[in-house]
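Peer 1: Before anything else, here's the structure in question.
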There are 2 protein chains.
Amino acid sequence: MNKSGRGRRPGAPDTREQILGVARQRFLAEGYASVTMRSIAAQAGVDAALISYFFGSKHGLFGAALALSANPAEVLASVLPGELEGLPERVLHALLATWDDPERGAPLHVMLRAAAHDSDVARLVSEMAEREIVDRIAERLGGADARQRAAMFAAQITGLIFTRYLVQLDPIATMPVDELVRRLAPGLRAVLRPTPTRSAPRRTPR
Amino acid sequence: MNKSGRGRRPGAPDTREQILGVARQRFLAEGYASVTMRSIAAQAGVDAALISYFFGSKHGLFGAALALSANPAEVLASVLPGELEGLPERVLHALLATWDDPERGAPLHVMLRAAAHDSDVARLVSEMAEREIVDRIAERLGGADARQRAAMFAAQITGLIFTRYLVQLDPIATMPVDELVRRLAPGLRAVLRPTPTRSAPRRTPR
DNA sequence: CTCATCAATTCAGCGGTGCAGAATTGAACT
DNA sequence: AGTTCAATTCTGCACCGCTGAATTGATGAG
């Protein structure tokens with residue numbers, strides 16, 4: 001009789017997966033800091049120490065829970081092909097559609113927040129973004145300084161995300177999607193263009 | 001004799017200011033979350049409860065400590081006058097000079113991190129940025145949608161800061177100042193330009 | 001000059017957190 | 001049948017932010 005409740009459970013319950021599921025849902029809904037290990041454990045019907053056992057730490061759990069998240073690479077991949085000139089508009093539309101939807105936007109949302117909060121997570125997110133976003137765009141662009149131009153592109157996108165969703169800076173946070181796209185696209189196009197290294201062929205408005 | 005150490009201290013020691021000083025230094029050096037009230041109190045030679053008494057909460061202390069921080073408004077004000085066309089370069093140079101210097105860059109650094117971590121702080125930072133940055137730029141720009149254009153400008157700047165300093169995304173984090181300015185300025189100029197409301201004179205080839 | 005009032009200060013403690021270690025239990029492999 | 005090991009819970013530590021009561025000094029009223 002398992003009187004004390006201790007010890008391994010009978011059968012083959014995949015407790016680990018269940019914890020992951022609960023953690024994922026909670027983290028996405030409530031962020032990182034305000035979700036406690038104890039509450040996750042309780043909701044998963046498990047002792048809190050088990051989480052440490054499986055994932056080492058709260059960080060570990062967070063990383064594992066968000067790893068299986070819908071990654072933005074897919075969204076990007078779906079808009080990358082096509083004419084280069086219209087790329088900014090396509091990316092902006094896809095991005096805003098994703099992030100404005102609480103369901104799909106939350107993962108990235110939470111990841112960025114956690115990245116700002118915790119430098120370990122920051123490195124993780126940074127590497128991910130570098131590999132899955134900057135490199136992809138650079139690949140699509142081609143050319144000598146493609147990586148640099150892609151990075152500028154990414155920086156602008158990041159700025160949009162941070163101001164609209166994290167800090168909610170007005171009037172960016174309240175601006176309708178169409179206007180945002182219209183206003184930001186020219187800037188994105190500008191940084192995508194190959195830059196003249198130095199005193200290049202002047203391109204005066206013709 | 002003050003045997004128990006309790007009670008008001010003799011003289012007129014400005015304990016409040018001293019706490020503020022210590023808090024400021026610690027927050028700027030180590031961020032928000034990892035600095036504990038107890039440690040600040042200890043360093044200030046004071047009981048931790050006194051902080052709650054004076055500032056209400058850790059948030060309160062943080063806000064009060066960073067309020068007297070060198071605000072970016074000054075930097076901005078010094079580069080706002082002058083020809084509009086060169087504004088992006090001036091802002092970028094001033095900004096990068098400030099943030100690359102650990103001493104002067106730290107306050108903003110910490111504020112952004114804290115904003116991402118804590119939604120109360122986020123609101124605070126957001127309002128500050130709106131008032132002291134967006135509105136100033138808008139004022140300088142003039143025109144109907146000056147506020148909107150200024151916001152786009154601010155978003156791009158924020159993206160630069162976030163990627164270069166907080167997340168340290170390569171190759172932005174490692175790029176020399178000159179190259180950053182050269183690559184980003186066109187994008188900034190583009191969003192500053194008055195946008196044609198609708199089906200504007202096409203500028204694209206053909 | 002005295003005395004009540006009030007601000008400043010410390011102490012003790014509450015409920016909460018992440019995490020480590022020991023103890024228990026079941027499954028799996030000799 | 002016995003050993004080994006992974007999974008699980010219990011206990012408890014050190015720390016956190018914050019609160020309420022107790023103490024002390026300054027200060028103004030009479």
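Naming works like this for the structure tokens: A, B, ... for the chains as they're shown, residue 1 at the start of each chain, ligands 1 onward in shown order.
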Against chain C, which residues of chain A fall within 12 Å? For each one I want the closest pair of atoms and the distance in Å (one decimal), counting only C-alpha atoms (C1' of nucleotides), rows by chain and increasing residue number, as a tab-separated table.
Peer 2:
residue	atom	partner	partner_atom	distance
A:Met1	CA	C:DT25	C1'	9.8
A:Asn2	CA	C:DT25	C1'	7.7
A:Lys3	CA	C:DT25	C1'	10.2
A:Ser4	CA	C:DT24	C1'	8.2
A:Gly5	CA	C:DT25	C1'	8.7
A:Arg6	CA	C:DT24	C1'	5.6
A:Gly7	CA	C:DT25	C1'	3.6
A:Arg8	CA	C:DG26	C1'	5.1
A:Arg9	CA	C:DG26	C1'	6.5
A:Pro10	CA	C:DG26	C1'	6.4
A:Gly11	CA	C:DA27	C1'	8.9
A:Ala12	CA	C:DA27	C1'	9.2
A:Ala33	CA	C:DT17	C1'	10.6
A:Ser34	CA	C:DT17	C1'	10.6
A:Val35	CA	C:DT17	C1'	10.6
A:Thr36	CA	C:DT17	C1'	7.7
A:Met37	CA	C:DG18	C1'	7.9
A:Arg38	CA	C:DT17	C1'	9.0
A:Ser39	CA	C:DT17	C1'	11.2
A:Ala48	CA	C:DC19	C1'	9.8
A:Ala49	CA	C:DC19	C1'	7.9
A:Leu50	CA	C:DC19	C1'	11.0
A:Ile51	CA	C:DC19	C1'	10.2
A:Ser52	CA	C:DC19	C1'	7.4
A:Tyr53	CA	C:DC19	C1'	10.1
A:Phe55	CA	C:DC19	C1'	11.9
A:Gly56	CA	C:DC19	C1'	9.2
A:Ser57	CA	C:DC19	C1'	7.9
A:Lys58	CA	C:DG18	C1'	7.8
A:His59	CA	C:DG18	C1'	10.7
Peer 1: Could you list, as a PDB file with N, CA and C atoms, in the first residue's frame, every residue within 8 Å of A:Val91, counting only C-alpha atoms (C1' of nucleotides) and ignoring same-chain residues fewer than 2 positions away?
Peer 2:
ATOM      1  N   LEU A  76       8.242  33.320 -40.705  1.00  0.00           N
ATOM      2  CA  LEU A  76       9.197  33.994 -41.580  1.00  0.00           C
ATOM      3  C   LEU A  76       9.339  33.243 -42.900  1.00  0.00           C
ATOM      4  N   VAL A  79       6.845  33.958 -45.625  1.00  0.00           N
ATOM      5  CA  VAL A  79       6.794  35.244 -46.335  1.00  0.00           C
ATOM      6  C   VAL A  79       8.107  35.598 -47.020  1.00  0.00           C
ATOM      7  N   LEU A  80       9.123  34.815 -46.791  1.00  0.00           N
ATOM      8  CA  LEU A  80      10.424  35.134 -47.388  1.00  0.00           C
ATOM      9  C   LEU A  80      10.424  35.024 -48.908  1.00  0.00           C
ATOM     10  N   LEU A  87       9.024  42.703 -49.520  1.00  0.00           N
ATOM     11  CA  LEU A  87       9.308  41.901 -48.329  1.00  0.00           C
ATOM     12  C   LEU A  87       8.922  42.597 -47.028  1.00  0.00           C
ATOM     13  N   PRO A  88       9.289  43.873 -46.859  1.00  0.00           N
ATOM     14  CA  PRO A  88       8.933  44.533 -45.595  1.00  0.00           C
ATOM     15  C   PRO A  88       7.437  44.446 -45.304  1.00  0.00           C
ATOM     16  N   GLU A  89       6.623  44.741 -46.269  1.00  0.00           N
ATOM     17  CA  GLU A  89       5.184  44.683 -46.034  1.00  0.00           C
ATOM     18  C   GLU A  89       4.748  43.276 -45.635  1.00  0.00           C
ATOM     19  N   HIS A  93       3.117  42.423 -41.992  1.00  0.00           N
ATOM     20  CA  HIS A  93       1.766  41.886 -41.891  1.00  0.00           C
ATOM     21  C   HIS A  93       1.749  40.566 -41.139  1.00  0.00           C
ATOM     22  N   ALA A  94       2.639  39.684 -41.525  1.00  0.00           N
ATOM     23  CA  ALA A  94       2.670  38.370 -40.868  1.00  0.00           C
ATOM     24  C   ALA A  94       2.981  38.526 -39.395  1.00  0.00           C
ATOM     25  N   LEU A  95       3.949  39.372 -39.113  1.00  0.00           N
ATOM     26  CA  LEU A  95       4.372  39.569 -37.731  1.00  0.00           C
ATOM     27  C   LEU A  95       3.255  40.127 -36.871  1.00  0.00           C
TER      28      LEU A  95
END
Peer 1: Quick one: which residues from chain B are at most 6 Å off chain A, using only C-alpha atoms, as a list in words?
Peer 2: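 Applying the cut-off to the listed atoms yields Arg113, Ala116, His117, Ala122, Ser126, Ala155, Gln156, Thr158, Gly159, Leu160, Val167, Leu169, Pro186, Gly187, Ala190 and Val191 of chain B.
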Peer 1: Put those residues in a file: C-alpha atoms, as a tab-separated table (two decimals), in the first residue's frame.
Peer 2:
chain	number	residue	atom	x	y	z
B	113	ARG	CA	15.48	45.63	-18.27
B	116	ALA	CA	10.55	44.25	-19.49
B	117	HIS	CA	10.52	42.38	-16.25
B	122	ALA	CA	6.97	49.24	-17.90
B	126	SER	CA	6.60	54.09	-21.29
B	155	ALA	CA	10.70	52.39	-32.21
B	156	GLN	CA	13.73	51.98	-34.40
B	158	THR	CA	14.51	51.15	-29.21
B	159	GLY	CA	15.21	48.22	-31.48
B	160	LEU	CA	18.82	49.23	-31.73
B	167	VAL	CA	20.02	40.86	-26.03
B	169	LEU	CA	22.39	40.16	-31.02
B	186	PRO	CA	18.67	55.77	-44.06
B	187	GLY	CA	15.95	53.79	-42.33
B	190	ALA	CA	12.73	57.14	-44.30
B	191	VAL	CA	10.27	56.97	-41.44
Peer 1: For atom CA of A:Glu139 and atom CA of B:Asp178, determine how far apart the two atoms are, in Å to one decimal place.
Peer 2: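 Atom CA of A:Glu139 sits 24.4 Å away from atom CA of B:Asp178.
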Peer 1: Could you check which of A:Pro102, A:Gly63, A:Pro81, A:Pro13 is closest to chain D, using only C-alpha atoms (C1' of nucleotides)?
Peer 2: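 For chain D, the nearest of the candidates is A:Pro13.
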